[in-house]
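Novice: Below is a structure I'd like to ask you about.
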Amino acid sequence: MDKKNSARLPLKPLAFILATTPLAAWSQETQLGEVVITAPKEVPLPKTSIVDAESLHFLRASTSDTASLLRDVPGMSFYGAGGVSSLPAIHGLADDRLRIKVDGMDLISACPNHMNPALSYLDPSQVESIKVYAGIAPVSVGGDSIGGSIVAETAAPVFAAPGQGSLSKGEAGTFYRSNGNARGGNLAASYATESFNISLTSAIAKSDNYKAGDNFKERIFGAGNDPYFTGRPGHTLPLDEVGSTAYETRNHTLGLAFKGGDHLFEAKLGFQDMPYQLWPNQRMDLLGNDQKRLNLRYLGQFSWGSLDARAYHEDVDHFMDFGADKKYWYNNAFGPDWPGTPCTVGATCAAGMPMYTASQNTGLVVKADVSLTSEDLLRVGTELQRYRLDDWWPASGAGMWPNTFWNVRDGERDRTALFGEWEKRVDPKWMTLAGLRYERVDMDAAMVHGYNLNTFPTNPSPAGPGNQTRDAANFNNADRSKTDHNWDMTLLAHYTPSPTQDIEFGFAHKTRSPNLHERYAWSTWTMAALMVNWAGDGNGYIGNLNLKPEKANTVSATFDWHAADRSWEFKATPYYTRVTDYIDAIQWDGSNNTARTSLQTNQFTVLKFVNQSARLYGIDLSGQMPLAKTGAGEFGLKGLLNYTNGENRDTGDELYNIMPLNGKLALTHRLGGWNNAVELVMVKGKDDVSDVRNEMKTPGYSLVNLRASHSWKSVRVDFGVENLFDKHHYLPLGGAYLGQGTTMSSSTAAATTPKWGTPVPGPGRSLYTGLNVQF
C-alpha cells in the first residue's frame with residue numbers, strides 16, 4: 001500500500017472559517033492607514049524574550065538553522081541534529097515538551113527521528129520575529145507541553161496608505177560560509193493596495209559536510225581500524241570532516257491578504273522541498289521531505305475587543321535511508337565487513353533500508369480578547385487538532401525481508417482544548433494573570449506486522465526473527481485506544497516597585513500527553529528499535545502503551561533591575577520544576593521482553609519509555625550596559641549565564657541532555673551604519689550524564705566569534721568569523737557520532753561499525769558573509 005499517494009483529508013475546518021468570517025466587512029471603507037496588520041496586543045504576562053528583526057538580521061548570515069536564532073535567549077539550548085533542524089530546549093526540556101507554533105500553526109515532527117521539527121519549515125530569512133515563553137507560559141499560548149512555548153512569525157501583510165494607490169517592495173539576499181561551503185539565497189516580493197496584499201518568499205540553502213577544529217576519528221571504529229571508511233566504494237572522509245552534516249533545503253510561501261475597516265482575512269500557502277539533510281548522530285539520513293501547508297486566518301477588531309480565528313492543514317511526505325557517507329549495500333544479513341558493492345537483493349542482501357512517513361495535520365483555533373473594563377481583559381478560546389500518521393518500512397532484503405514493516409499504522413492523535421485567562425491591572429504597580437486550560441487527547445493506532453509476515457498476527461508464538469511476531473501479536477491484542485484528560489493552570493503577578501525595578505513571579509501546572517511513537521512504537525528487535533530515536537544518543541527505543549501524560553509544576557521568578565531608559569539592565573530568573581510521570585527510559589532486554597537487572601555500560605543499548613519522576617532547577621542571568629560613547633562610536637557589554645540541573649527522582653540518575661553551565665560575553669560597537677561585536681562563548685565540561693542512556697561526557701571549551709554589519713538605506717552587508725581560533729570542541733548536546741560507516745550493524749566487533757565513545761564535534765573556524773538588498 002503506497003501511503004504517499006493516499007487521498008488527503010477533507011479540510012472541513014477551513015470551510016468552517018470561510019463560512020463564519022464576516023465577508024461583508026471587506027467592502028467597508030478603509031480606516032487603517034499604511035500599517036502592518038498585527039494580532040491583538042501581545043500577552044504582557046509573562047514578559048517574553050523577543051528576538052526582534054535587528055537581532056535576526058545580525059545572525060541570519062551565520063546560520064541556516066532557524067532554531068539557532070534563539071542562541072542569545074536566556075535559558076535556551078539546542079539538541080544537535082541535522083544542519084537546519086536542531087531541537088530547541090528551554091531549561092532542559094526539549095522537543096515535544098515545548099509548544100512550538102509557526103504562524104499560529106501547531107506543526108508536528110512526523111519522523112521517528114524528529115528530523116522535520118516545526119522550525120525547520122522556515123528559513124531564517126523568512127522569520128520576522130520569535131517569542132520565547134520560558135517555563136511559565138500563559139494557557140492561551142501553552143497546552144500539550146511542560147517546558148514553555150516558542151512562537152515564530154513571518155512578516156505580517158502591509159497595505160498602501162489611503163490615497164497612495166499601490167505599494168510594491170521586495171528584497172533579495174545571499175550568503176556564504178566557508179566551513180562546509182555553505183551557500184544560499186532568498187527572495188521576497190509583495191504588491192499591495194489599500195485593501196489587498198500579495199506576497200511571495202523563497203529561500204534555498206545548501207551545504208557540504210563541515211570540518212571540526214582537529215582530527216577526531218582515530219577510534220570511531222575501534223583501535224587499529226580504518227577511520228576513513230564510509231561504506232561507499234571510492235568514497236572516504238578526512239579525519240577532521242564531520243560526516244553526514246550536509247544538507248539542501250528549499251522553502252517557499254505565497255500570501256494573500258484582504259482588509260476592510262477593522263477586519264483582515266489572510267491566506268498563506270507554504271511548501272518545503274528538502275532533497276536531503278544528513279544526520280551525524282543518527283543511523284539513517286533524511287533523503288526527502290516534502291511539506292505542503294495552507295493557513296487561513298481571520299482577525300477582527302470590535303467595540304468589545306478582538307476575534308482571531310485560524311484554520312490550517314499540513315501534509316508531510318518524509319523519506320529516510322542511508323546517505324552518501326553511510327554504507328548502503330549489506331550482504332549476508334548485515335555482514336559488517338562486506339565492501340559495500342551491489343549484490344542481488346533477497347534473503348542475504350539488502351539495498352539500504354527505506355523508511356517512509358506520511359502525516360496529515362488539520363487544526364482550528366478560535367480565540368477572543370474581551371475588554372471587560374479598562375483594567376480587566378478576558379481571553380477565551382478553543383482549539384481542535386486532528387493528526388494522522390503512517391510510518392512504514394518497505395522490504396529491502398536480508399533481515400528486512402520479504403514484507404513491509406509497519407512501525408505505526410493509522411496512527412491518530414486528536415486534541416480538543418478550551419481555555420480562559422483573566423488579566424487584571426490592579427493598580428499602577430501590580431498586574432496579575434490567571435488562566436485555566438482543559439485538553440482532551442484521543443490516541444489510537446491500527447494493528448501492525450513486521451518484515452516476516454504480510455498479515456497482522458495475534459498469536460505470539462512462534463516469536464519469529466527478532467521477536468517480530470511475538471511483539472506484533474502482543475501489540476495487536478492490547479487496548480490501543482487511549483484518552484487523556486489534561487489540565488493546565490497559570491498564576492502570575494508582576495510588581496513594579498520603582499521605575500528601575502520589575503519583579504515577576506508565578507506558578508504553572510502543565511500537562512503533556514505522549515507522542516505517537518512514544519506510545520505505539522512496538523518492536524523490541526534491536527534493528528527496529530534503533531530507528532526510533534530523537535535523542536541522538538545512538539540507542540534504540542521501544543514505545544509503551546501504558547504511558548501516562550507528564551504533569552509538571554513550575555515556580556519561577558524574574559528580578560529585573562534596569563535604567564529608566566533601559567540603557568543598562570540586569571535580569572535574574574531562578575526556577576524549579578517537578579515532573580510527575582516524566583517520560584524517561586529503562587534499559588530493555590528484547591530477548592526476554594523484560595527490563596535489564598544490570599545496566600549495559602559504555603555501549604549502545606535498547607531502552608523502553610517509562611513514566612518516572614523528575615525535577616529540574618536552575619537560574620538564568622542576563623544583562624547589558626554601556627561602556628563608552630566616543631568619536632569612535634558607542635561601546636557596550638552584553639552577557640548571559642545559564643545553569644540547569646536535572647535529576648530522575650526515582651533512580652537518582654541525571655536527566656539526559658542537560659546543558660552544562662554556559663555563558664556568553666559580547667563587546668558591542670555601533671557607529672553610523674556599523675553594528676559589530678566580539679563574542680566569547682564559554683561552556684563548562686559536561687560531567688553529569690545519564691547512566692541509563694550511556695550518555696558521553698564532553699570537555700569544556702571557549703570560543704571567540706567576530707561579527708560585523710553595515711547598513712545603508714537599502715543595502716546591508718554582514719560578515720564575520722565563528723570559532724576564530726579553530727578550537728576543537730565537542731557539542732554537549734550533540735549526541736553520539738554515527739556519521740559514517742556501517743551504521744546498521746549490530747556487531748560491536750565489526751571493523752567498520754561506529755563504536756560508542758565519540759561525541760559529535762562542533763564546527764571549526766568558519767568565515768561568513770551575507771548581502772541583502774531591498775527594493
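In the C-alpha cells, each chain is lettered A, B, ... as it comes, each chain's residues begin at 1, and ligands are numbered from 1 in order of appearance.
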Kindly assemble as a Markdown table a list of the range 285-376 of chain A residues that lie within 9 Å of range 385-391 of chain A, each paired with its nearest atom pair and their distance in Å to one decimal, using only C-alpha atoms, sorted first by chain and then by ascending residue number.

Specialist:
```
| residue | atom | partner | partner_atom | distance |
| --- | --- | --- | --- | --- |
| A:Met355 | CA | A:Asp391 | CA | 7.5 |
| A:Tyr356 | CA | A:Asp391 | CA | 5.9 |
| A:Thr357 | CA | A:Asp391 | CA | 4.5 |
| A:Ala358 | CA | A:Asp390 | CA | 5.4 |
| A:Ser359 | CA | A:Leu389 | CA | 4.4 |
| A:Gln360 | CA | A:Arg388 | CA | 5.2 |
| A:Asn361 | CA | A:Tyr387 | CA | 4.6 |
| A:Thr362 | CA | A:Arg386 | CA | 5.2 |
| A:Gly363 | CA | A:Gln385 | CA | 4.3 |
| A:Leu364 | CA | A:Gln385 | CA | 6.5 |
| A:Val365 | CA | A:Gln385 | CA | 8.7 |
```

Novice: Find the residues around Leu122 in chain A up to 10 Å (only C-alpha atoms counted), leave out those fewer than 6 positions away in its own chain, and share them as a PDB file with N, CA, C and O atoms, in the first residue's frame.

Specialist:
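result_28.pdb, written as the output of this step:
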```
ATOM      1  N   SER A  64      21.778  28.571   8.829  1.00  0.00           N
ATOM      2  CA  SER A  64      20.560  28.206   8.086  1.00  0.00           C
ATOM      3  C   SER A  64      19.581  27.466   8.984  1.00  0.00           C
ATOM      4  O   SER A  64      18.561  26.966   8.509  1.00  0.00           O
ATOM      5  N   ASP A  65      19.890  27.376  10.270  1.00  0.00           N
ATOM      6  CA  ASP A  65      19.072  26.678  11.255  1.00  0.00           C
ATOM      7  C   ASP A  65      18.273  27.705  12.046  1.00  0.00           C
ATOM      8  O   ASP A  65      18.816  28.423  12.890  1.00  0.00           O
ATOM      9  N   THR A  66      16.981  27.796  11.758  1.00  0.00           N
ATOM     10  CA  THR A  66      16.154  28.830  12.379  1.00  0.00           C
ATOM     11  C   THR A  66      16.146  28.735  13.899  1.00  0.00           C
ATOM     12  O   THR A  66      16.143  29.755  14.594  1.00  0.00           O
ATOM     13  N   ALA A  67      16.138  27.518  14.449  1.00  0.00           N
ATOM     14  CA  ALA A  67      16.135  27.386  15.905  1.00  0.00           C
ATOM     15  C   ALA A  67      17.341  28.074  16.534  1.00  0.00           C
ATOM     16  O   ALA A  67      17.246  28.651  17.629  1.00  0.00           O
ATOM     17  N   VAL A  84      19.839  22.021   9.583  1.00  0.00           N
ATOM     18  CA  VAL A  84      18.775  23.025   9.661  1.00  0.00           C
ATOM     19  C   VAL A  84      17.666  22.587  10.619  1.00  0.00           C
ATOM     20  O   VAL A  84      16.577  23.147  10.585  1.00  0.00           O
ATOM     21  N   VAL A 102       4.242  28.009  14.445  1.00  0.00           N
ATOM     22  CA  VAL A 102       4.721  28.737  13.275  1.00  0.00           C
ATOM     23  C   VAL A 102       3.520  29.411  12.627  1.00  0.00           C
ATOM     24  O   VAL A 102       2.617  28.731  12.122  1.00  0.00           O
ATOM     25  N   ALA A 152       6.914  31.550  16.463  1.00  0.00           N
ATOM     26  CA  ALA A 152       7.630  32.147  15.336  1.00  0.00           C
ATOM     27  C   ALA A 152       6.624  32.738  14.356  1.00  0.00           C
ATOM     28  O   ALA A 152       5.612  32.111  14.036  1.00  0.00           O
ATOM     29  N   GLU A 153       6.913  33.939  13.859  1.00  0.00           N
ATOM     30  CA  GLU A 153       6.009  34.628  12.945  1.00  0.00           C
ATOM     31  C   GLU A 153       6.763  35.081  11.707  1.00  0.00           C
ATOM     32  O   GLU A 153       7.889  35.575  11.793  1.00  0.00           O
ATOM     33  N   THR A 154       6.133  34.904  10.557  1.00  0.00           N
ATOM     34  CA  THR A 154       6.644  35.504   9.337  1.00  0.00           C
ATOM     35  C   THR A 154       6.099  36.931   9.228  1.00  0.00           C
ATOM     36  O   THR A 154       5.342  37.388  10.083  1.00  0.00           O
ATOM     37  N   ALA A 203      13.420  30.737  -0.433  1.00  0.00           N
ATOM     38  CA  ALA A 203      14.762  30.651   0.138  1.00  0.00           C
ATOM     39  C   ALA A 203      15.341  29.273  -0.136  1.00  0.00           C
ATOM     40  O   ALA A 203      14.626  28.261  -0.071  1.00  0.00           O
ATOM     41  N   ARG A 250      14.760  23.881   0.508  1.00  0.00           N
ATOM     42  CA  ARG A 250      14.102  24.960  -0.222  1.00  0.00           C
ATOM     43  C   ARG A 250      12.754  25.226   0.436  1.00  0.00           C
ATOM     44  O   ARG A 250      11.962  24.292   0.615  1.00  0.00           O
ATOM     45  N   ASN A 251      12.483  26.473   0.784  1.00  0.00           N
ATOM     46  CA  ASN A 251      11.237  26.842   1.454  1.00  0.00           C
ATOM     47  C   ASN A 251      10.588  28.015   0.734  1.00  0.00           C
ATOM     48  O   ASN A 251      11.251  29.019   0.439  1.00  0.00           O
ATOM     49  N   HIS A 252       9.293  27.891   0.486  1.00  0.00           N
ATOM     50  CA  HIS A 252       8.572  28.901  -0.284  1.00  0.00           C
ATOM     51  C   HIS A 252       7.225  29.198   0.394  1.00  0.00           C
ATOM     52  O   HIS A 252       6.575  28.293   0.937  1.00  0.00           O
ATOM     53  N   THR A 253       6.801  30.453   0.337  1.00  0.00           N
ATOM     54  CA  THR A 253       5.475  30.832   0.842  1.00  0.00           C
ATOM     55  C   THR A 253       4.821  31.807  -0.133  1.00  0.00           C
ATOM     56  O   THR A 253       5.493  32.620  -0.778  1.00  0.00           O
ATOM     57  N   GLY A 270       2.314  27.342   2.026  1.00  0.00           N
ATOM     58  CA  GLY A 270       3.714  27.058   2.257  1.00  0.00           C
ATOM     59  C   GLY A 270       4.116  25.745   1.623  1.00  0.00           C
ATOM     60  O   GLY A 270       3.303  24.807   1.540  1.00  0.00           O
ATOM     61  N   PHE A 271       5.352  25.694   1.164  1.00  0.00           N
ATOM     62  CA  PHE A 271       5.848  24.471   0.537  1.00  0.00           C
ATOM     63  C   PHE A 271       7.319  24.301   0.877  1.00  0.00           C
ATOM     64  O   PHE A 271       8.102  25.243   0.745  1.00  0.00           O
ATOM     65  N   GLN A 272       7.692  23.117   1.346  1.00  0.00           N
ATOM     66  CA  GLN A 272       9.097  22.785   1.548  1.00  0.00           C
ATOM     67  C   GLN A 272       9.468  21.598   0.668  1.00  0.00           C
ATOM     68  O   GLN A 272       8.756  20.592   0.630  1.00  0.00           O
TER      69      GLN A 272
END
```

Novice: Return the single residue from A:Asn546, A:Asn593, A:Thr48, A:Thr341 that is closest to Pro233 in chain A, with distances computed using only C-alpha atoms.

Specialist: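 Among A:Asn546, A:Asn593, A:Thr48, A:Thr341, it is A:Thr341 that comes nearest to Pro233 in chain A.
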
Novice: Would you kindly return, as a list in words, each protein, DNA or RNA residue with an atom no farther than 6 Å from any atom of range 562-579 of chain A, considering only C-alpha atoms and excluding same-chain residues fewer than 2 positions away?

Specialist: Pro499, Thr500, Lys551, Ala552, Asn553, Thr554, Val555, Ser556, Ala557, Thr558, Phe559, Asp560, Tyr582, Ser613, Ala614, Arg615, Leu616, Tyr617, Gly618, Ile619, Asp620, Leu621, Ser622, Gly623, Gln624 and Met625 of chain A

Novice: Store the residues picked out above in a file with C-alpha atoms, as a short mmCIF file (atom, residue, chain, number, x, y, z; two decimals), in the first residue's frame.

Specialist:
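Saved result, selection.cif, follows:
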```cif
data_model
loop_
_atom_site.label_atom_id
_atom_site.label_comp_id
_atom_site.auth_asym_id
_atom_site.auth_seq_id
_atom_site.Cartn_x
_atom_site.Cartn_y
_atom_site.Cartn_z
CA PRO A 499 10.85 52.92 37.51
CA THR A 500 14.10 50.93 37.68
CA LYS A 551 2.50 16.63 34.67
CA ALA A 552 4.86 19.47 35.62
CA ASN A 553 4.64 22.02 38.43
CA THR A 554 6.90 25.04 37.99
CA VAL A 555 7.65 28.03 40.20
CA SER A 556 9.72 30.85 38.81
CA ALA A 557 10.56 34.49 39.38
CA THR A 558 12.30 37.16 37.33
CA PHE A 559 14.08 40.07 39.02
CA ASP A 560 14.72 42.89 36.56
CA TYR A 582 8.11 12.13 33.42
CA SER A 613 9.59 11.29 38.34
CA ALA A 614 11.97 14.17 37.68
CA ARG A 615 12.99 17.55 38.97
CA LEU A 616 14.85 20.42 37.34
CA TYR A 617 16.12 23.67 38.78
CA GLY A 618 18.45 26.42 37.68
CA ILE A 619 18.95 30.10 37.05
CA ASP A 620 19.27 32.40 34.02
CA LEU A 621 21.30 35.60 34.28
CA SER A 622 21.46 38.22 31.55
CA GLY A 623 22.33 41.85 31.21
CA GLN A 624 23.74 44.71 29.20
CA MET A 625 25.46 48.01 29.91
#
```

Novice: Restricting the calculation to only C-alpha atoms: of A:Asp290, A:Ser195, A:Ile220, A:Thr201, which residue gets closest to Asn116 in chain A?

Specialist: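 The closest residue to Asn116 in chain A is A:Asp290.
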
Novice: Between A:Leu627, A:Leu372, A:Val683, A:Leu436, which is the closest to Lys424 in chain A once you count only C-alpha atoms?

Specialist: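 The shortest atom-to-atom distance to Lys424 in chain A comes from A:Leu372.
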
Novice: Going by DSSP on the backbone, which bits of range 68-275 of chain A are strand (DSSP E or B)? Write them as an NGL selection string, please.

Specialist: :A and (76-79 or 87-90 or 93-94 or 99-102 or 105-106 or 129-134 or 148-153 or 158 or 167-177 or 182-192 or 196-207 or 211 or 241 or 247-260 or 263-275)

Novice: Give me the residues within 10 Å of Thr174 in chain A as a PyMOL selection string, counting only C-alpha atoms and dropping any in the same chain fewer than 3 places off.

Specialist: chain A and resi 61+125+183-187+203-205+717+769-773

Novice: Using only C-alpha atoms for the distances, tell me which of A:Ala434, A:Met443, A:Ala257, A:Ala223 is nearest to Leu491 in chain A.

Specialist: A:Ala434

Novice: Got a sec: who's within 10 Å of Pro465 in chain A, counting only C-alpha atoms, leaving out chain neighbours fewer than 3 positions off, as number ranges by chain?

Specialist: A: 399, 450-452, 462, 468-470, 525

Novice: Can you write just those residues out, N, CA and C atoms, as a compact mmCIF listing (two decimals), in the first residue's frame?

Specialist:
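Result saved to again_6.txt:
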```txt
# COMPACT_ATOMS: atom_id res chain seq x y z
N GLY A 399 17.73 -9.12 6.60
CA GLY A 399 16.81 -9.21 7.72
C GLY A 399 15.54 -8.41 7.52
N GLY A 450 5.58 -7.20 11.22
CA GLY A 450 6.97 -6.97 10.88
C GLY A 450 7.29 -7.38 9.47
N TYR A 451 8.60 -7.41 9.17
CA TYR A 451 9.04 -7.81 7.84
C TYR A 451 8.67 -9.26 7.51
N ASN A 452 8.54 -10.09 8.54
CA ASN A 452 8.42 -11.53 8.30
C ASN A 452 7.01 -11.97 7.92
N PRO A 462 5.07 -18.97 17.02
CA PRO A 462 6.48 -18.72 17.36
C PRO A 462 6.83 -17.25 17.29
N GLN A 468 9.68 -10.46 16.07
CA GLN A 468 8.71 -9.58 15.42
C GLN A 468 7.28 -10.10 15.55
N THR A 469 7.07 -11.40 15.42
CA THR A 469 5.71 -11.95 15.55
C THR A 469 5.22 -11.80 16.98
N ARG A 470 6.08 -12.14 17.94
CA ARG A 470 5.68 -12.01 19.35
C ARG A 470 5.29 -10.58 19.69
N TRP A 525 12.99 -5.65 18.74
CA TRP A 525 14.11 -6.04 17.88
C TRP A 525 15.09 -4.86 17.80
```

Novice: Within 7 Å of Val51 in chain A, counting only C-alpha atoms, which residues show up once you throw out same-chain ones fewer than 2 positions away? Write them as a PyMOL selection string, please.

Specialist: chain A and resi 49+53+55-56+129-131

Novice: With N, CA, C and O atoms kept, could you save the residues just selected as a compact mmCIF listing (two decimals), in the first residue's frame?

Specialist:
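Writing the result to selection_32.txt gives the following:
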```
# COMPACT_ATOMS: atom_id res chain seq x y z
N SER A 49 10.86 36.71 25.96
CA SER A 49 12.11 37.04 25.28
C SER A 49 11.78 37.13 23.80
O SER A 49 11.36 36.15 23.19
N ALA A 53 13.66 41.98 14.76
CA ALA A 53 14.17 41.96 13.39
C ALA A 53 15.66 42.28 13.34
O ALA A 53 16.41 41.66 12.59
N SER A 55 18.02 41.79 15.66
CA SER A 55 18.78 40.65 16.15
C SER A 55 18.78 39.51 15.14
O SER A 55 19.80 38.83 14.95
N LEU A 56 17.64 39.31 14.48
CA LEU A 56 17.56 38.26 13.46
C LEU A 56 18.50 38.56 12.30
O LEU A 56 19.22 37.68 11.82
N SER A 129 9.82 37.59 13.55
CA SER A 129 10.05 37.68 15.00
C SER A 129 9.84 36.31 15.61
O SER A 129 9.13 35.46 15.06
N ILE A 130 10.48 36.10 16.76
CA ILE A 130 10.28 34.88 17.54
C ILE A 130 10.13 35.28 19.00
O ILE A 130 10.93 36.06 19.53
N LYS A 131 9.09 34.77 19.63
CA LYS A 131 8.86 35.00 21.06
C LYS A 131 9.09 33.70 21.81
O LYS A 131 8.67 32.63 21.37
```

Novice: What is the CA of Ile198 in chain A to CA of Glu171 in chain A distance in Å?

Specialist: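 Distance reported for this atom pair: 14.6 Å.
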
Novice: Report, in Å to a single decimal, how far apart CA of Leu637 in chain A and CA of Gly75 in chain A are.

Specialist: 19.2 Å

Novice: Just checking: using only C-alpha atoms, which residue out of A:Gln587, A:Ser62, A:Thr524, A:Thr752 ends up closest to Asn407 in chain A?

Specialist: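 Result for the nearest residue to Asn407 in chain A: A:Thr524.
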
Novice: Taking only C-alpha atoms into account, name the residue in A:Thr651, A:Thr416, A:Ser303, A:Gln277 that is nearest to Ser120 in chain A.

Specialist: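 Residue with the minimum atom-to-atom distance to Ser120 in chain A: A:Gln277.
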
Novice: Rounded to one decimal in Å, what is the spacing between CA of Leu724 in chain A and CA of Leu87 in chain A?

Specialist: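 Computed distance, CA of Leu724 in chain A to CA of Leu87 in chain A, equals 25.3 Å.
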
Novice: Excluding Leu661 in chain A and residues on its chain fewer than 2 positions from it, collect all residues at most 7 Å away from it, counting only C-alpha atoms, and give them as a list in words.

Specialist: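 Neighbouring residues, sequence-local ones excluded: Asn642, Tyr643, Met659, Val683 and Lys684 of chain A.
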
Novice: Quick one: write out the picked residues with N, CA, C and O atoms as a PDB file, in the first residue's frame?

Specialist:
```pdb
ATOM      1  N   ASN A 642      23.724  30.654  31.945  1.00  0.00           N
ATOM      2  CA  ASN A 642      22.641  29.694  32.141  1.00  0.00           C
ATOM      3  C   ASN A 642      23.136  28.493  32.935  1.00  0.00           C
ATOM      4  O   ASN A 642      24.213  27.951  32.659  1.00  0.00           O
ATOM      5  N   TYR A 643      22.329  28.074  33.891  1.00  0.00           N
ATOM      6  CA  TYR A 643      22.636  26.860  34.655  1.00  0.00           C
ATOM      7  C   TYR A 643      21.365  26.061  34.850  1.00  0.00           C
ATOM      8  O   TYR A 643      20.326  26.606  35.251  1.00  0.00           O
ATOM      9  N   MET A 659      22.170  20.788  29.397  1.00  0.00           N
ATOM     10  CA  MET A 659      23.305  21.633  29.042  1.00  0.00           C
ATOM     11  C   MET A 659      24.065  22.027  30.298  1.00  0.00           C
ATOM     12  O   MET A 659      23.488  22.482  31.286  1.00  0.00           O
ATOM     13  N   VAL A 683      31.654  27.233  27.810  1.00  0.00           N
ATOM     14  CA  VAL A 683      30.859  26.071  28.196  1.00  0.00           C
ATOM     15  C   VAL A 683      31.673  25.190  29.124  1.00  0.00           C
ATOM     16  O   VAL A 683      32.812  24.816  28.800  1.00  0.00           O
ATOM     17  N   LYS A 684      31.109  24.880  30.257  1.00  0.00           N
ATOM     18  CA  LYS A 684      31.768  24.011  31.225  1.00  0.00           C
ATOM     19  C   LYS A 684      31.720  22.559  30.740  1.00  0.00           C
ATOM     20  O   LYS A 684      30.840  22.174  29.977  1.00  0.00           O
TER      21      LYS A 684
END
```

Novice: Write down as a ChimeraX atom specification the residues belonging to range 19-234 of chain A that are assigned alpha helix (DSSP H) by DSSP computed on the backbone.

Specialist: /A:19-20,53-60

Novice: Hey, can you spit out that residue selection with N, CA and C atoms as an mmCIF file, in the first residue's frame?

Specialist:
```
data_model
loop_
_atom_site.group_PDB
_atom_site.id
_atom_site.type_symbol
_atom_site.label_atom_id
_atom_site.label_comp_id
_atom_site.auth_asym_id
_atom_site.auth_seq_id
_atom_site.Cartn_x
_atom_site.Cartn_y
_atom_site.Cartn_z
ATOM 1 N N ALA A 19 -17.005 30.062 6.154
ATOM 2 C CA ALA A 19 -18.441 30.281 6.329
ATOM 3 C C ALA A 19 -18.740 31.266 7.439
ATOM 4 N N THR A 20 -17.843 31.354 8.428
ATOM 5 C CA THR A 20 -18.148 32.177 9.594
ATOM 6 C C THR A 20 -17.470 33.533 9.571
ATOM 7 N N ALA A 53 13.662 41.975 14.761
ATOM 8 C CA ALA A 53 14.174 41.964 13.392
ATOM 9 C C ALA A 53 15.662 42.281 13.343
ATOM 10 N N GLU A 54 16.135 43.252 14.134
ATOM 11 C CA GLU A 54 17.545 43.615 14.102
ATOM 12 C C GLU A 54 18.426 42.464 14.573
ATOM 13 N N SER A 55 18.015 41.793 15.659
ATOM 14 C CA SER A 55 18.783 40.651 16.145
ATOM 15 C C SER A 55 18.777 39.515 15.135
ATOM 16 N N LEU A 56 17.645 39.306 14.479
ATOM 17 C CA LEU A 56 17.565 38.261 13.463
ATOM 18 C C LEU A 56 18.495 38.558 12.297
ATOM 19 N N HIS A 57 18.501 39.799 11.834
ATOM 20 C CA HIS A 57 19.368 40.175 10.721
ATOM 21 C C HIS A 57 20.837 39.957 11.076
ATOM 22 N N PHE A 58 21.194 40.210 12.314
ATOM 23 C CA PHE A 58 22.582 40.121 12.753
ATOM 24 C C PHE A 58 23.099 38.683 12.727
ATOM 25 N N LEU A 59 22.169 37.697 12.822
ATOM 26 C CA LEU A 59 22.571 36.299 12.900
ATOM 27 C C LEU A 59 22.287 35.503 11.635
ATOM 28 N N ARG A 60 21.444 36.016 10.750
ATOM 29 C CA ARG A 60 20.965 35.216 9.619
ATOM 30 C C ARG A 60 22.091 34.701 8.731
#
```
